[in-house]
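Novice: Quick one: this structure, given as structure tokens, is what I'll be asking you about.
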Amino acid sequence: MPDAGICAQGRDDILGLPREREPFADPHPRHKLGAMAVDTAAFSEQTDIQRDITEMVRQFADEQIIPNAEHFDHEDSFPEPIVEQMKELGLFGVTIPEEYGGMGLDLTTYAMIVEELSRGWISISGVVNTHFIGSYLLMKFGTDEQKEHFLPKMATGEIRAAFSLSEPEVGSDVQGIKSTAKKGEDGSWELNGQKMWVTNGLGSGVVFVLMKTDPKADPPYKGMTCFITEKEPWVEANEGEFAGLTVPPKIKKMGYKGVESTELVYDGYRCPPDRILGGEEAGVGQGFIQMMDALEVGRVNVAARGVGIAQRALELALRYSQERKTFGKPIAQHQAIQFKLADMATKVEAARLLTRKAARMKDAGERSDLEAGMAKLLASETGKECVEECFRIHGGYGYSKEYEIERLYRDAPLLLIGEGTSEIQRMVIGKKLLQRHKI
Ligand SMILES: Cc1cc2nc3c(=O)[nH]c(=O)nc-3n(C[C@H](O)[C@H](O)[C@H](O)COP(=O)(O)OP(=O)(O)OC[C@H]3O[C@@H](n4cnc5c(N)ncnc54)[C@H](O)[C@@H]3O)c2cc1C
């Protein structure tokens, strides 16, 4: 079984990672940091470039993310040094076309990268998650001017993107949002309303935000528009051309620390008409459809995060169960523990396969809303289940902050909620099944 750190020799041409990179903080190697990577099969369905990139990101996770996650999680501080290295690696431009300075890779490869980042720490994948959705929205629906203005700076991570649907009273029922945008006499649009749970809400330089432009529209989704709202990164009260956008203090969370989740208050924020996604003529009234399209790839993204955290839980469980002894033998030799490991490994593989299938269908230009919903449902639930089993295998030590599983236990539940809860995924799957199999 190969160990986690795979030699980067010969691969620095792909992601620009120096061959020898010292961790920026002393990782204080302790028993809890040592978990083995699990190579479940010699068979690989990856292309050469996918294998090279995922091995590179895995090495990055092993050397830079995992040893430092505890510090940033404990402090609940933004993992700036890790993010700076991600910029160097080009990880903010994975799916952005080469003509705009990105890598131009497909969703499948992106999902593989996200899995590796999330195996390290899901907060790190959270930093790129909303950015990825923002760049997808631009690539698919943006005007040429919008693409040229934003994508090159997004590919390098110079500006990072957030996306915002949710409000204090609305999450699942997106058509129920109350925030509005109204066209003024000078041609600009005035945005008013309160948004909730905006990941990267403070550090982002651009927020793709959904507003009601025709509150009387029937059905409501026809009166919704996506605005590309620019702001000053890390500034709570924006001024000048971005006046009217305030970011209240970040929401305190049980896990998913490091990456900030905030409210956004739009109070008379002026948005020029050319900052309507797709342009004013084509974009007004299209916001809901655009956002739902983006959520389809977003669900593959969250599914990959579920696979990553489940994979890490499996690795920790395999390690700990062979070290800890009860009744005269390692607990891994008790059949009850082996069954847990077997179930975990089986579920991880199934979730990974379904996630990659949904990604490949999307890359092939096929409709994949059903598969993306299934992948998100299975992988997020698998993430939670594997983390819980790993926690149980750790016995009392799983409850101690000395062990990595304690962080995973606080992080995993987010994936059951973000980008549509498990109940909403089941609604999507059920509806699509009946549409496809109508008698
Ligand atoms: C850490 C974090 C980060 C987030 N980041 C973002 C972000 O960047 N951008 C963004 O826009 N949003 C973000 N969200 C918001 C997230 O998308 C919502 O929390 C999620 O969609 C659920 O909405 P809600 O919390 O309002 O729950 P509700 O919609 O109020 O649902 C409450 C419960 O009722 C269930 N339910 C709702 N409707 C039905 C139904 N019809 N049938 C059966 N059960 C139902 C739900 O499954 C859930 O169990 C984030 C949330 C969190 C916690």
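Chain labels follow the order of the structure tokens: the first chain is A, the next B, and so on; residue numbering restarts at 1 in every chain, and ligands are counted from 1 in their shown order.
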If we count only C-alpha atoms, what is near Pro248 (chain A) at a cut-off of 12 Å, once residues fewer than 5 positions away on the same chain are taken out, given as a VMD selection string?
Specialist: chain A and resid 194 to 198 201 to 202 234 to 238 260 to 266
Novice: Any residue with an atom at most 9 Å from ligand 1 counts, using only C-alpha atoms and all ligand atoms. Which are they? Put them as a PyMOL selection string.
Specialist: chain A and resi 126+129-130+162-174+195-201+209-210+251+253+255-257+259-262+413-427
Novice: Select, from A:Lys357, A:Glu158, A:Asp363, A:Glu145, the residue with the minimum atom-to-atom distance to Thr95 (chain A), counting only C-alpha atoms.
Specialist: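 Once distances to Thr95 (chain A) are computed over only C-alpha atoms, the minimum belongs to A:Asp363.
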Novice: Which residue gives the smallest distance to Ile393 (chain A) among A:Ala379, A:Ala317, A:Ala181, A:Ala350, with only C-alpha atoms counted?
Specialist: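 For Ile393 (chain A), the nearest of the given residues is A:Ala317.
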Novice: Which residue gives the smallest distance to His74 (chain A) among A:Val300, A:Leu107, A:Ile96, A:Met254, with only C-alpha atoms counted?
Specialist: A:Met254
Novice: Rank A:Arg270, A:Arg407, A:Lys153, A:Arg51 by their smallest atom-to-atom distance to Phe72 (chain A), using only C-alpha atoms, and report the top residue only.
Specialist: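 Residue with the minimum atom-to-atom distance to Phe72 (chain A): A:Arg407.
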Novice: So which bits of region 34-198 of chain A end up helix (DSSP H, G or I) when you DSSP the backbone, as a PDB file with C-alpha atoms, in the first residue's frame?
Specialist:
ATOM      1  CA  ASP A  48      -2.416  10.559 -17.110  1.00  0.00           C
ATOM      2  CA  ILE A  49      -3.031  14.246 -16.505  1.00  0.00           C
ATOM      3  CA  GLN A  50      -5.768  13.526 -13.967  1.00  0.00           C
ATOM      4  CA  ARG A  51      -3.476  11.136 -12.127  1.00  0.00           C
ATOM      5  CA  ASP A  52      -0.600  13.623 -12.126  1.00  0.00           C
ATOM      6  CA  ILE A  53      -2.743  16.473 -10.874  1.00  0.00           C
ATOM      7  CA  THR A  54      -4.534  14.516  -8.165  1.00  0.00           C
ATOM      8  CA  GLU A  55      -1.247  13.071  -6.912  1.00  0.00           C
ATOM      9  CA  MET A  56       0.170  16.584  -6.798  1.00  0.00           C
ATOM     10  CA  VAL A  57      -2.843  17.939  -4.887  1.00  0.00           C
ATOM     11  CA  ARG A  58      -2.747  14.947  -2.567  1.00  0.00           C
ATOM     12  CA  GLN A  59       0.865  15.714  -1.754  1.00  0.00           C
ATOM     13  CA  PHE A  60      -0.084  19.358  -1.169  1.00  0.00           C
ATOM     14  CA  ALA A  61      -2.848  18.226   1.207  1.00  0.00           C
ATOM     15  CA  ASP A  62      -0.513  15.899   3.085  1.00  0.00           C
ATOM     16  CA  GLU A  63       2.273  18.443   3.456  1.00  0.00           C
ATOM     17  CA  GLN A  64       0.468  21.760   3.727  1.00  0.00           C
ATOM     18  CA  ILE A  65      -3.197  21.313   4.591  1.00  0.00           C
ATOM     19  CA  ILE A  66      -3.459  18.431   7.065  1.00  0.00           C
ATOM     20  CA  PRO A  67      -0.569  19.491   9.326  1.00  0.00           C
ATOM     21  CA  ASN A  68      -1.911  23.065   9.545  1.00  0.00           C
ATOM     22  CA  ALA A  69      -5.684  22.541   9.590  1.00  0.00           C
ATOM     23  CA  GLU A  70      -5.789  22.120  13.362  1.00  0.00           C
ATOM     24  CA  HIS A  71      -4.227  25.548  13.910  1.00  0.00           C
ATOM     25  CA  PHE A  72      -6.588  27.428  11.581  1.00  0.00           C
ATOM     26  CA  ASP A  73      -9.596  25.441  12.788  1.00  0.00           C
ATOM     27  CA  HIS A  74      -8.782  26.185  16.414  1.00  0.00           C
ATOM     28  CA  GLU A  75      -8.232  29.901  15.733  1.00  0.00           C
ATOM     29  CA  GLU A  80      -4.066  32.658   4.117  1.00  0.00           C
ATOM     30  CA  PRO A  81      -0.695  30.858   3.675  1.00  0.00           C
ATOM     31  CA  ILE A  82      -2.430  27.765   2.288  1.00  0.00           C
ATOM     32  CA  VAL A  83      -4.599  29.884  -0.017  1.00  0.00           C
ATOM     33  CA  GLU A  84      -1.532  31.736  -1.304  1.00  0.00           C
ATOM     34  CA  GLN A  85       0.034  28.418  -2.258  1.00  0.00           C
ATOM     35  CA  MET A  86      -3.202  27.359  -3.941  1.00  0.00           C
ATOM     36  CA  LYS A  87      -2.934  30.484  -6.092  1.00  0.00           C
ATOM     37  CA  GLU A  88       0.611  29.471  -7.055  1.00  0.00           C
ATOM     38  CA  LEU A  89      -0.660  26.021  -7.973  1.00  0.00           C
ATOM     39  CA  GLU A  98      -6.634  28.726 -21.042  1.00  0.00           C
ATOM     40  CA  GLU A  99      -7.384  31.848 -23.092  1.00  0.00           C
ATOM     41  CA  TYR A 100      -8.307  33.556 -19.800  1.00  0.00           C
ATOM     42  CA  LEU A 107     -15.565  19.074 -14.274  1.00  0.00           C
ATOM     43  CA  THR A 108     -14.389  15.488 -13.750  1.00  0.00           C
ATOM     44  CA  THR A 109     -10.797  16.574 -13.134  1.00  0.00           C
ATOM     45  CA  TYR A 110     -12.014  19.440 -10.972  1.00  0.00           C
ATOM     46  CA  ALA A 111     -14.038  16.971  -8.854  1.00  0.00           C
ATOM     47  CA  MET A 112     -10.914  14.840  -8.380  1.00  0.00           C
ATOM     48  CA  ILE A 113      -8.979  17.892  -7.183  1.00  0.00           C
ATOM     49  CA  VAL A 114     -11.779  18.920  -4.817  1.00  0.00           C
ATOM     50  CA  GLU A 115     -11.835  15.412  -3.353  1.00  0.00           C
ATOM     51  CA  GLU A 116      -8.142  15.690  -2.509  1.00  0.00           C
ATOM     52  CA  LEU A 117      -8.482  19.184  -1.020  1.00  0.00           C
ATOM     53  CA  SER A 118     -11.445  18.075   1.093  1.00  0.00           C
ATOM     54  CA  ARG A 119      -9.563  15.010   2.255  1.00  0.00           C
ATOM     55  CA  GLY A 120      -7.173  17.596   3.705  1.00  0.00           C
ATOM     56  CA  ILE A 122     -13.227  20.823   3.699  1.00  0.00           C
ATOM     57  CA  SER A 123     -12.750  24.493   4.581  1.00  0.00           C
ATOM     58  CA  ILE A 124      -9.971  24.653   1.988  1.00  0.00           C
ATOM     59  CA  SER A 125     -12.288  23.319  -0.695  1.00  0.00           C
ATOM     60  CA  GLY A 126     -14.839  25.870   0.580  1.00  0.00           C
ATOM     61  CA  VAL A 127     -12.491  28.669  -0.420  1.00  0.00           C
ATOM     62  CA  VAL A 128     -12.546  27.497  -4.056  1.00  0.00           C
ATOM     63  CA  ASN A 129     -16.118  26.146  -4.114  1.00  0.00           C
ATOM     64  CA  THR A 130     -18.039  29.408  -4.506  1.00  0.00           C
ATOM     65  CA  HIS A 131     -15.278  30.739  -6.767  1.00  0.00           C
ATOM     66  CA  PHE A 132     -15.774  27.752  -9.034  1.00  0.00           C
ATOM     67  CA  ILE A 133     -19.536  28.393  -9.193  1.00  0.00           C
ATOM     68  CA  GLY A 134     -18.944  32.069  -9.995  1.00  0.00           C
ATOM     69  CA  SER A 135     -16.546  31.220 -12.805  1.00  0.00           C
ATOM     70  CA  TYR A 136     -18.997  28.622 -14.160  1.00  0.00           C
ATOM     71  CA  LEU A 137     -21.751  31.271 -14.245  1.00  0.00           C
ATOM     72  CA  LEU A 138     -19.481  33.652 -16.149  1.00  0.00           C
ATOM     73  CA  MET A 139     -18.245  31.016 -18.600  1.00  0.00           C
ATOM     74  CA  LYS A 140     -21.738  29.789 -19.389  1.00  0.00           C
ATOM     75  CA  PHE A 141     -23.822  32.960 -19.256  1.00  0.00           C
ATOM     76  CA  ASP A 144     -17.635  38.661 -23.652  1.00  0.00           C
ATOM     77  CA  GLU A 145     -16.884  41.841 -21.721  1.00  0.00           C
ATOM     78  CA  GLN A 146     -17.810  40.198 -18.409  1.00  0.00           C
ATOM     79  CA  LYS A 147     -15.597  37.201 -19.165  1.00  0.00           C
ATOM     80  CA  GLU A 148     -12.673  39.359 -20.204  1.00  0.00           C
ATOM     81  CA  HIS A 149     -13.056  41.606 -17.175  1.00  0.00           C
ATOM     82  CA  PHE A 150     -13.347  38.931 -14.474  1.00  0.00           C
ATOM     83  CA  LEU A 151     -11.987  35.574 -15.625  1.00  0.00           C
ATOM     84  CA  PRO A 152      -8.260  36.437 -15.908  1.00  0.00           C
ATOM     85  CA  LYS A 153      -8.231  37.875 -12.374  1.00  0.00           C
ATOM     86  CA  MET A 154     -10.282  34.949 -11.104  1.00  0.00           C
ATOM     87  CA  ALA A 155      -7.975  32.387 -12.748  1.00  0.00           C
ATOM     88  CA  THR A 156      -5.040  33.637 -10.671  1.00  0.00           C
ATOM     89  CA  VAL A 174     -35.155  29.903  -3.463  1.00  0.00           C
ATOM     90  CA  GLN A 175     -38.149  31.422  -5.245  1.00  0.00           C
ATOM     91  CA  GLY A 176     -39.183  32.902  -1.902  1.00  0.00           C
TER      92      GLY A 176
END
Novice: Find the residue from A:Val302, A:Cys226, A:Cys386, A:Val207 that sits nearest to Val284 (chain A); use only C-alpha atoms when measuring.
Specialist: A:Cys226
Novice: In region 295-394 of chain A, what's strand (DSSP E or B) per DSSP? Answer as a list in words?
Specialist: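 Residues meeting the strand (DSSP E or B) criterion: Lys325, Thr326, Lys329 and Pro330 of chain A.
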Novice: For the residues selected in the previous step, produce a file with N, CA and C atoms as an mmCIF file, in the first residue's frame.
Specialist:
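Writing done, so here's selection-v3.cif:
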data_model
loop_
_atom_site.group_PDB
_atom_site.id
_atom_site.type_symbol
_atom_site.label_atom_id
_atom_site.label_comp_id
_atom_site.auth_asym_id
_atom_site.auth_seq_id
_atom_site.Cartn_x
_atom_site.Cartn_y
_atom_site.Cartn_z
ATOM 1 N N LYS A 325 -5.206 -1.443 20.943
ATOM 2 C CA LYS A 325 -5.446 -2.847 21.315
ATOM 3 C C LYS A 325 -6.503 -2.941 22.406
ATOM 4 N N THR A 326 -7.393 -3.922 22.303
ATOM 5 C CA THR A 326 -8.285 -4.292 23.408
ATOM 6 C C THR A 326 -8.337 -5.815 23.442
ATOM 7 N N LYS A 329 -5.561 -7.797 21.464
ATOM 8 C CA LYS A 329 -5.240 -7.693 20.034
ATOM 9 C C LYS A 329 -5.702 -6.345 19.474
ATOM 10 N N PRO A 330 -5.115 -5.940 18.338
ATOM 11 C CA PRO A 330 -5.574 -4.681 17.738
ATOM 12 C C PRO A 330 -7.077 -4.742 17.468
#
